[in-house]
Structure formats: structure tokens, C-alpha cells
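**Student:** I have a structure here, written as C-alpha cells, and I will follow up with some questions on it.
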Amino acid sequence: MNRLQANICLLCVTLCWSAEVILYACVPDGVPAFATSCVTSFAGAALLVFPFRRRVAETLRTGGRRLAAGGLLLAALSAAYNTLFLYGSKSFDVASGAFTFAMTVVVLPVVLLTMRRRVALETWISVALVLAGIVLALGPSVRATQTTGLAVMGAGCLLRAVGIVVLADMAKKHDPIAVAVLLEAFAGVLSLAGWFAEDPRLFAGLPVSRTLVAAWALYSYFIVGFAQALNVFAMRRVTAANATVVYSVEIVFSLAWGSLLPAGIVERIALSPRILLGAALVVAGSLAEILDVRGKRREAGT
Amino acid sequence: MKTRALLRLAALVAVYLVVALPFKAMNLIPGFTDIRPVMALGPVYAVFFGPLGCLASGIGNLVADAADDAIRWTSIAGFASNVLGPLLVWWFWTRVSRTPFSLRTARDLLRQCLLLVAMSALETAIVAPAVALVYPDVDAALLAWAVFGNTAGFPIVLGIPLAILMQEEFGLAPVGRRPRG
């Protein structure tokens with residue numbers, strides 16, 4: 001996989017993750033979010049283990065405790081930043097929440113600098129474009145009363161940035177399938193703990209139906225199995241900063257879902273010129289990163 | 001057909017069904033009854049498994065319809081479109097293209113997208129008139145857009161990354177180009 005292909009794959013991953021909201025809407029009422037996260041994480045990991053059991057077993061044998069600790073760290077970071085985003089986004093409307101979520105793209109290069117890692121000039125240009133888009137879209141809607149929400153979202157972005165850096169490092173060192181399996185397996189364990197705390201009856205307390213099984217199956221295939229594996233494979237070929245710029249396109253997909261889908265599935269978004277211009281700047285920043293117009297970018301790890 | 005080919009066909013149909021069947025169990029988006037991400041598999045099967053993969057796509061679609069109790073006369077057109085569409089992709093990469101299947105450059109990707117749009121147009125041209133003929137009360141234009149959207153959209157947004165993954169990371173070789181003449 002070359003850099004262009006990796007970026008195409010990351011775009012696909014971003015699209016799949018943005019569609020998570022559609023699948024979540026199909027999960028019947030009364031099913032805890034932890035239950036969905038637990039079952040789909042384990043099912044997604046199992047889907048990856050089944051055809052690749054030999055390479056996963058081999059990687060786990062050679063990677064040892066260090067690899068397992070990395071998987072646990074990734075799952076813990078993921079759980080922590082998702083929780084922060086959940087609470088932080090309550091301070092904003094849907095569109096503003098999506099834009100604040102994308103602040104990771106600004107936080108990540110700073111994280112990299114503190115780790116004394118180089119960030120390419122082209123990435124800084126992309127980051128500047130995406131940041132301009134975020135500021136433009138958020139400008140009039142963020143008020144002083146939302147400072148707490150903004151701080152919570154900022155903390156979430158910081159943890160997400162660290163998670164992306166850790167994942168990029170692990171993807172380059174270990175077999176991507178094994179990394180994806182570990183991440184999802186530990187995410188399943190953490191969700192199981194949350195589910196048990198919320199409802200100790202676990203499966204016995206679920207309104208099991210055909211729809212629930214179908215929604216969980218689709219979630220396991222597309223959001224967990226396919227998207228996560230594709231994500232880790234792509235991460236081998238690009239830098240963490242590059243990946244984050246592409247992830248920021250999730251705003252555009254979220255805005256598209258919010259304006260196109262019925263209100264029963266998503267909160268409807270009223271598209272203002274500011275939001276559209278902000279989204280256009282985010283797309284411009286991502287395209288600059290994906291298309292490599294100067295043709296001078298090296299592939300990560302090469 | 002040899003046993004090995006039959007087993008491969010069965011495995012491809014099984015994978016198709018595993019992806020297709022959950023969509024039959026629920027209405028993903030109210031008002032949009034026919035969302036079929038499984039359509040991404042047809043051209044991928046064609047590229048990596050040739051005519052056998054195309055046949056698997058047709059059979060998979062037919063069995064999925066049967067499981068949903070949706071077998072009609074128009075299922076014949078559905079079967080034909082799900083075989084012939086991917087077959088167009090296979091034919092292009094083995095008989096027309098001067099280079100083997102690859103998605104490594106922007107030009108390759110653009111070419112594949114155009115090919116998938118052509119495949120989608122062919123499938124729409126088979127299914128929509130057949131449905132309009134058998135069921136005159138069906139909105140043929142809306143149906144044509146639904147077929148076109150499913151057969152072009154999902155192979156582009158999901159199928160292309162899947163093909164990249166299979167070729168570049170899992171080392172699956174696309175079916176070979178046949179010598180001319």
C-alpha cells in the first residue's frame with residue numbers, strides 16, 4: 001500500500017466511522033451503549049482472528065507483554081476520549097460539536113513536537129487550513145459559557161491525539177491485524193466492565209430481537225472489523241499527523257448525514273454559509289495532505 | 001466444475017450472504033428501503049476470482065432475495081445484472097486494459113471509478129426496464145437511481161479500499177490478463 005492508497009483507505013475509515021450514528025440509531029431502545037460496544041468489539045475481533053489466526057498468534061507470541069500493554073493503552077485511551085467527547089459535546093449543537101471534535105488535528109502536531117518529532121511543512125499547511133475551517137465555523141456559536149465544554153473537548157482531543165500517535169507507532173512495529181484484534185479485544189473487556197456496572201444481568205437484561213442482532217452484525221463488520229483493520233494497515237504507511245488531517249473530513253460526512261438523513265436518526269443540522277465555508281476549508285486541508293501536490297512526500301517508515 | 005472451484009464458489013457466496021443478510025433484517029434508513037453495501041463485493045470478486053466470483057455475486061444476490069422472501073420474475077434480471085456487471089469489470093481488466101489490475105496511482109483510481117460507473121450503468125439498464133415492464137406501477141426512475149446509487153456508490157467507497165487491502169496487504173493476485181488473439 002502506498003501513501004495515496006493509505007489516504008484513500010483512511011477516507012473510507014472516516015466515512016465508516018461517521019456512519020456509526022446511523023447504525024446506532026438502528027439499535028433498539030433499552031440496549032445500553034456499553035452492551036453494543038462490548039458485543040461489537042468482541043465480534044469484530046473474532047471476525048479478524050478467524051481468517052488470520054496464525055499471524056495473530058505469531059505476533060502475540062513475539063510481541064509479548066509489551067504488545068499487550070500497547071493494546072490495553074489504546075483501548076483505555078479510546079474509552080477515555082470517547083467519554084470526554086460524549087460529555088463535552090453536550091455543551092454544543094451538533095455542528096459545533098463536530099467541529100470541536102476535529103480540533104485533534106491541531107492538538108496532534110503539538111503533541112508530536114513535545115515528543116520531539118518532526119512534522120512536515122505540508123502537514124502544517126493542511127493543519128492551518130483545517131484550523132481556519134474550525135474557527136470560521138465555530139466563531140459565532142461559541143460563547144463564554146461554553147468554556148467548560150470546550151475544555152472537556154480539548155482534553156478529549158489531547159487523549160485522542162496521543163492514541164493516534166501510539167497506534168501509528170504500533171502499526172509500524174507489529175502486524176496490523178494483531179494490533180486491531182488486541183485493541184478491539186481490550187475495548188470489549190473495558191465495555192464489558194461498564195456494561196456490568198450499568199446492568200449486572202448483561203445479556204439477560206437485553207431486549208434481543210432480529211433488528212438488534214442485525215444492527216450489531218453490521219456494526220461489527222463495518223465499524224469494527226473492516227474499518228479498524230483498514231485503519232491500522234493505512235497507519236503503517238502514513239504519519240500520525242497525516243492520518244489526523246484525513247480524519248478531520250469526518251466533519252464533512254457528519255454534516256452531510258445531519259442535513260440529508262431523517263430527524264429520527266440524527267439531529268438535523270441547518271447548514272449556514274459559515275459552516276459550509278468551514279467544511280470547505282477542512283476538505284481543502286485534507287486534499288492538500290492526500291494529493292501531495294508537490295510530489296515530495298516520503299512514505300512513513302521508508 | 002471441479003470440486004475446488006465449487007468449494008470456492010460456495011465460500012464466496014457464504015461471505016456475500018454474511019454481509020447481505022443483516023440488511024434484510026432491518027430498515028437501515030426509513031424511507032430508503034434498499035441500501036446494499038454488499039454491492040461492493042461484486043467487482044472485488046470479479047477482479048480476484050474472475051467469472052467464478054461474478055457467478056458468486058449473482059447467486060449470493062439471488063439467495064439473499066430468497067431469504068427475504070423477495071423472489072420475483074424480476075429476480076432473473078437481478079441475477080443477470082449481478083453477474084454481467086462484475087463480468088464487465090473482469091473483461092476490462094483481462095481483455096481491454098494493457099496493464100494488469102492496479103490501484104496504485106490517481107490515474108488507476110480514476111480509471112477504476114469510471115469502470116465501476118460503467119458497470120453500474122449496465123446493471124441499471126438491465127434491472128430498471130425489467131422491473132418497469134413487470135410492475136408498471138413502480139416508479140422506474142426512482143428505482144433506476146436506487147440501483148445506480150447502490151451499484152456505483154458502494155463499490156467505489158467500500159470496494160476500492162477493500163481491493164487495495166486484498167492486493168497490497170494480503171497479497172491476493174488479481175486474475176491474469178489473457179493474451180490477445
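Each chain of the C-alpha cells is named A, B, ... in the order shown, its residues numbered from 1; ligands are numbered from 1 in display order.
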Give me, as a PyMOL selection string, the residues of chain A touching chain B, with the criterion being at most 7 Å (counting only C-alpha atoms).

**Tutor:** chain A and resi 1-2+5+8-9+12+26+210-211+214+217-218

**Student:** I'd like the neighbourhood of Arg201 of chain A as a ChimeraX atom specification, where a residue qualifies if any of its atoms comes within 12 Å (using only C-alpha atoms), though same-chain residues fewer than 5 positions away should be ignored.

**Tutor:** /A:32,35,192,195-196,206-207

**Student:** Mind checking which residues fall within 8 Å of segment 224-239 of chain A, counting only C-alpha atoms, ignoring those fewer than 6 positions away in the same chain, and posting them as a ChimeraX atom specification?

**Tutor:** /A:1-3,5-7,9-10,12-13,16-17,40-41,44-45,47-48,167-168,171-172,176-177,179-180,184,299-301 /B:161,165,169

**Student:** How far is it from atom CA of Ala185 of chain A to atom CA of Val27 of chain A, in Å with one decimal?

**Tutor:**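 Atom CA of Ala185 of chain A sits 21.3 Å away from atom CA of Val27 of chain A.
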
**Student:** Quick one: residues within 10 Å of Ile76 of chain B, only C-alpha atoms, excluding same-chain residues fewer than 4 positions away - as an mmCIF file with N, CA, C and O atoms, in the first residue's frame?

**Tutor:**
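Just written: part-v6.cif:
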```cif
data_model
loop_
_atom_site.group_PDB
_atom_site.id
_atom_site.type_symbol
_atom_site.label_atom_id
_atom_site.label_comp_id
_atom_site.auth_asym_id
_atom_site.auth_seq_id
_atom_site.Cartn_x
_atom_site.Cartn_y
_atom_site.Cartn_z
ATOM 1 N N GLY B 58 -23.863 -13.121 -8.374
ATOM 2 C CA GLY B 58 -25.240 -13.331 -8.835
ATOM 3 C C GLY B 58 -26.002 -14.288 -7.935
ATOM 4 O O GLY B 58 -27.143 -14.013 -7.532
ATOM 5 N N LEU B 62 -29.225 -13.599 -5.373
ATOM 6 C CA LEU B 62 -30.456 -14.368 -5.543
ATOM 7 C C LEU B 62 -30.857 -15.049 -4.227
ATOM 8 O O LEU B 62 -32.020 -15.010 -3.809
ATOM 9 N N ILE B 71 -38.291 -13.295 -3.956
ATOM 10 C CA ILE B 71 -38.042 -13.830 -5.305
ATOM 11 C C ILE B 71 -39.238 -13.500 -6.206
ATOM 12 O O ILE B 71 -40.374 -13.824 -5.871
ATOM 13 N N ARG B 72 -38.954 -12.791 -7.277
ATOM 14 C CA ARG B 72 -39.987 -12.432 -8.256
ATOM 15 C C ARG B 72 -39.437 -12.783 -9.640
ATOM 16 O O ARG B 72 -38.293 -13.192 -9.775
ATOM 17 N N ALA B 80 -28.978 -11.645 -13.538
ATOM 18 C CA ALA B 80 -28.190 -11.316 -14.741
ATOM 19 C C ALA B 80 -27.332 -10.077 -14.508
ATOM 20 O O ALA B 80 -26.141 -10.053 -14.859
ATOM 21 N N SER B 81 -27.917 -9.055 -13.889
ATOM 22 C CA SER B 81 -27.158 -7.813 -13.685
ATOM 23 C C SER B 81 -26.005 -8.030 -12.707
ATOM 24 O O SER B 81 -24.915 -7.480 -12.900
ATOM 25 N N ASN B 82 -26.249 -8.861 -11.682
ATOM 26 C CA ASN B 82 -25.189 -9.084 -10.686
ATOM 27 C C ASN B 82 -24.077 -9.993 -11.190
ATOM 28 O O ASN B 82 -23.012 -10.080 -10.579
ATOM 29 N N ILE B 126 -30.189 -3.134 -17.056
ATOM 30 C CA ILE B 126 -30.794 -4.478 -17.051
ATOM 31 C C ILE B 126 -31.987 -4.529 -16.087
ATOM 32 O O ILE B 126 -33.066 -5.008 -16.437
ATOM 33 N N VAL B 127 -31.774 -4.007 -14.869
ATOM 34 C CA VAL B 127 -32.790 -4.172 -13.816
ATOM 35 C C VAL B 127 -33.990 -3.228 -13.991
ATOM 36 O O VAL B 127 -35.153 -3.678 -13.949
ATOM 37 N N ALA B 130 -36.622 -4.042 -16.672
ATOM 38 C CA ALA B 130 -37.304 -5.311 -16.347
ATOM 39 C C ALA B 130 -38.363 -5.085 -15.276
ATOM 40 O O ALA B 130 -39.503 -5.574 -15.392
#
```

**Student:** Excluding same-chain residues fewer than 2 positions from segment 89-96 of chain A, what lies within 7 Å of it counting only C-alpha atoms, as a PyMOL selection string?

**Tutor:** chain A and resi 85-87+98-100+138+146+149+255+267+269

**Student:** Next, dump the selected residues to file, keeping only N, CA, C and O atoms, as a PDB file, in the first residue's frame.

**Tutor:**
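Output saved as again_1.pdb:
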```
ATOM      1  N   PHE A  85     -15.646  13.164  24.923  1.00  0.00           N
ATOM      2  CA  PHE A  85     -16.382  13.745  23.797  1.00  0.00           C
ATOM      3  C   PHE A  85     -17.891  13.690  24.049  1.00  0.00           C
ATOM      4  O   PHE A  85     -18.620  14.610  23.713  1.00  0.00           O
ATOM      5  N   LEU A  86     -18.317  12.584  24.654  1.00  0.00           N
ATOM      6  CA  LEU A  86     -19.751  12.403  24.933  1.00  0.00           C
ATOM      7  C   LEU A  86     -20.252  13.516  25.845  1.00  0.00           C
ATOM      8  O   LEU A  86     -21.289  14.140  25.583  1.00  0.00           O
ATOM      9  N   TYR A  87     -19.470  13.787  26.919  1.00  0.00           N
ATOM     10  CA  TYR A  87     -19.898  14.817  27.862  1.00  0.00           C
ATOM     11  C   TYR A  87     -19.637  16.215  27.316  1.00  0.00           C
ATOM     12  O   TYR A  87     -20.465  17.112  27.458  1.00  0.00           O
ATOM     13  N   ALA A  98     -19.236  18.709  16.193  1.00  0.00           N
ATOM     14  CA  ALA A  98     -18.420  18.024  15.182  1.00  0.00           C
ATOM     15  C   ALA A  98     -17.137  18.797  14.906  1.00  0.00           C
ATOM     16  O   ALA A  98     -16.057  18.216  14.760  1.00  0.00           O
ATOM     17  N   PHE A  99     -17.253  20.120  14.863  1.00  0.00           N
ATOM     18  CA  PHE A  99     -16.056  20.917  14.584  1.00  0.00           C
ATOM     19  C   PHE A  99     -15.067  20.888  15.757  1.00  0.00           C
ATOM     20  O   PHE A  99     -13.859  20.834  15.558  1.00  0.00           O
ATOM     21  N   THR A 100     -15.588  20.915  17.001  1.00  0.00           N
ATOM     22  CA  THR A 100     -14.675  20.870  18.151  1.00  0.00           C
ATOM     23  C   THR A 100     -13.976  19.502  18.230  1.00  0.00           C
ATOM     24  O   THR A 100     -12.813  19.413  18.597  1.00  0.00           O
ATOM     25  N   LEU A 138     -16.971  27.705  14.028  1.00  0.00           N
ATOM     26  CA  LEU A 138     -17.332  27.808  15.442  1.00  0.00           C
ATOM     27  C   LEU A 138     -17.514  29.241  15.903  1.00  0.00           C
ATOM     28  O   LEU A 138     -18.273  29.499  16.833  1.00  0.00           O
ATOM     29  N   GLN A 146     -19.573  28.369  27.337  1.00  0.00           N
ATOM     30  CA  GLN A 146     -19.227  27.039  26.819  1.00  0.00           C
ATOM     31  C   GLN A 146     -17.748  26.704  27.038  1.00  0.00           C
ATOM     32  O   GLN A 146     -17.262  25.732  26.490  1.00  0.00           O
ATOM     33  N   GLY A 149     -17.194  23.176  28.351  1.00  0.00           N
ATOM     34  CA  GLY A 149     -17.385  22.179  27.299  1.00  0.00           C
ATOM     35  C   GLY A 149     -16.203  22.129  26.352  1.00  0.00           C
ATOM     36  O   GLY A 149     -15.733  21.060  25.964  1.00  0.00           O
ATOM     37  N   LEU A 255     -21.778  16.430   8.698  1.00  0.00           N
ATOM     38  CA  LEU A 255     -22.679  17.484   8.228  1.00  0.00           C
ATOM     39  C   LEU A 255     -23.607  16.949   7.141  1.00  0.00           C
ATOM     40  O   LEU A 255     -24.788  17.280   7.088  1.00  0.00           O
ATOM     41  N   GLU A 267     -29.554  14.249  14.654  1.00  0.00           N
ATOM     42  CA  GLU A 267     -30.081  15.589  14.910  1.00  0.00           C
ATOM     43  C   GLU A 267     -29.845  16.384  13.647  1.00  0.00           C
ATOM     44  O   GLU A 267     -28.725  16.423  13.116  1.00  0.00           O
ATOM     45  N   ILE A 269     -29.095  19.237  11.021  1.00  0.00           N
ATOM     46  CA  ILE A 269     -28.173  20.372  11.046  1.00  0.00           C
ATOM     47  C   ILE A 269     -28.625  21.377   9.997  1.00  0.00           C
ATOM     48  O   ILE A 269     -28.870  21.016   8.843  1.00  0.00           O
TER      49      ILE A 269
END
```

**Student:** Suppose you want the space between atom CA of Ser75 of chain B and atom CA of Val38 of chain B; what is it in Å?

**Tutor:**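 According to the coordinates, atom CA of Ser75 of chain B and atom CA of Val38 of chain B are separated by 16.7 Å.
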
**Student:** Set the distance at 10 Å and use only C-alpha atoms: which residues neighbour Ala69 of chain A once local chain neighbours fewer than 5 positions away are removed? I'd like the list as a ChimeraX atom specification.

**Tutor:** /A:63-64,74-75,182,186

**Student:** Using only N, CA and C atoms, please write the residues we just selected to a file, as a PDB file, in the first residue's frame.

**Tutor:**
```pdb
ATOM      1  N   GLY A  63       5.393 -10.477  20.220  1.00  0.00           N
ATOM      2  CA  GLY A  63       5.212  -9.142  20.815  1.00  0.00           C
ATOM      3  C   GLY A  63       5.175  -9.168  22.328  1.00  0.00           C
ATOM      4  N   GLY A  64       4.659 -10.250  22.894  1.00  0.00           N
ATOM      5  CA  GLY A  64       4.632 -10.434  24.346  1.00  0.00           C
ATOM      6  C   GLY A  64       3.844  -9.372  25.093  1.00  0.00           C
ATOM      7  N   LEU A  74      -4.199   1.584  24.182  1.00  0.00           N
ATOM      8  CA  LEU A  74      -5.019   2.130  23.095  1.00  0.00           C
ATOM      9  C   LEU A  74      -6.504   2.061  23.431  1.00  0.00           C
ATOM     10  N   ALA A  75      -6.918   0.903  23.957  1.00  0.00           N
ATOM     11  CA  ALA A  75      -8.335   0.735  24.303  1.00  0.00           C
ATOM     12  C   ALA A  75      -8.731   1.699  25.422  1.00  0.00           C
ATOM     13  N   LEU A 182      -6.125  -6.847  19.172  1.00  0.00           N
ATOM     14  CA  LEU A 182      -5.852  -6.514  20.580  1.00  0.00           C
ATOM     15  C   LEU A 182      -6.652  -5.297  21.024  1.00  0.00           C
ATOM     16  N   PHE A 186      -9.477  -5.597  23.966  1.00  0.00           N
ATOM     17  CA  PHE A 186      -9.411  -4.830  25.218  1.00  0.00           C
ATOM     18  C   PHE A 186     -10.576  -3.838  25.320  1.00  0.00           C
TER      19      PHE A 186
END
```

**Student:** Let's see if you can do this: from backbone DSSP, list all helix (DSSP H, G or I) residues in segment 97-295 of chain A, as an MDAnalysis selection string.

**Tutor:** chainID A and resid 97:101 104:114 121:138 144:173 176:198 202:205 210:235 240:247 250:260 273:291

**Student:** Would you mind telling me which residue in B:Thr99, B:Leu17, B:Ala121, B:Val89 lies nearest to Asn61 of chain B when using only C-alpha atoms?

**Tutor:**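 Smallest separation from Asn61 of chain B among the options: B:Leu17.
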
**Student:** Which residue out of A:Leu202, A:Ala19, A:Ala178, A:Met103 has the minimum interatomic distance to Arg160 of chain A when only C-alpha atoms are used?

**Tutor:**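 Using only C-alpha atoms, Arg160 of chain A sits closest to A:Met103.
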
**Student:** Looking at only C-alpha atoms, which of B:Asp108, B:Ala128, B:Ala5, B:Leu12 is the one that sits closest to Leu4 of chain A?

**Tutor:** B:Asp108
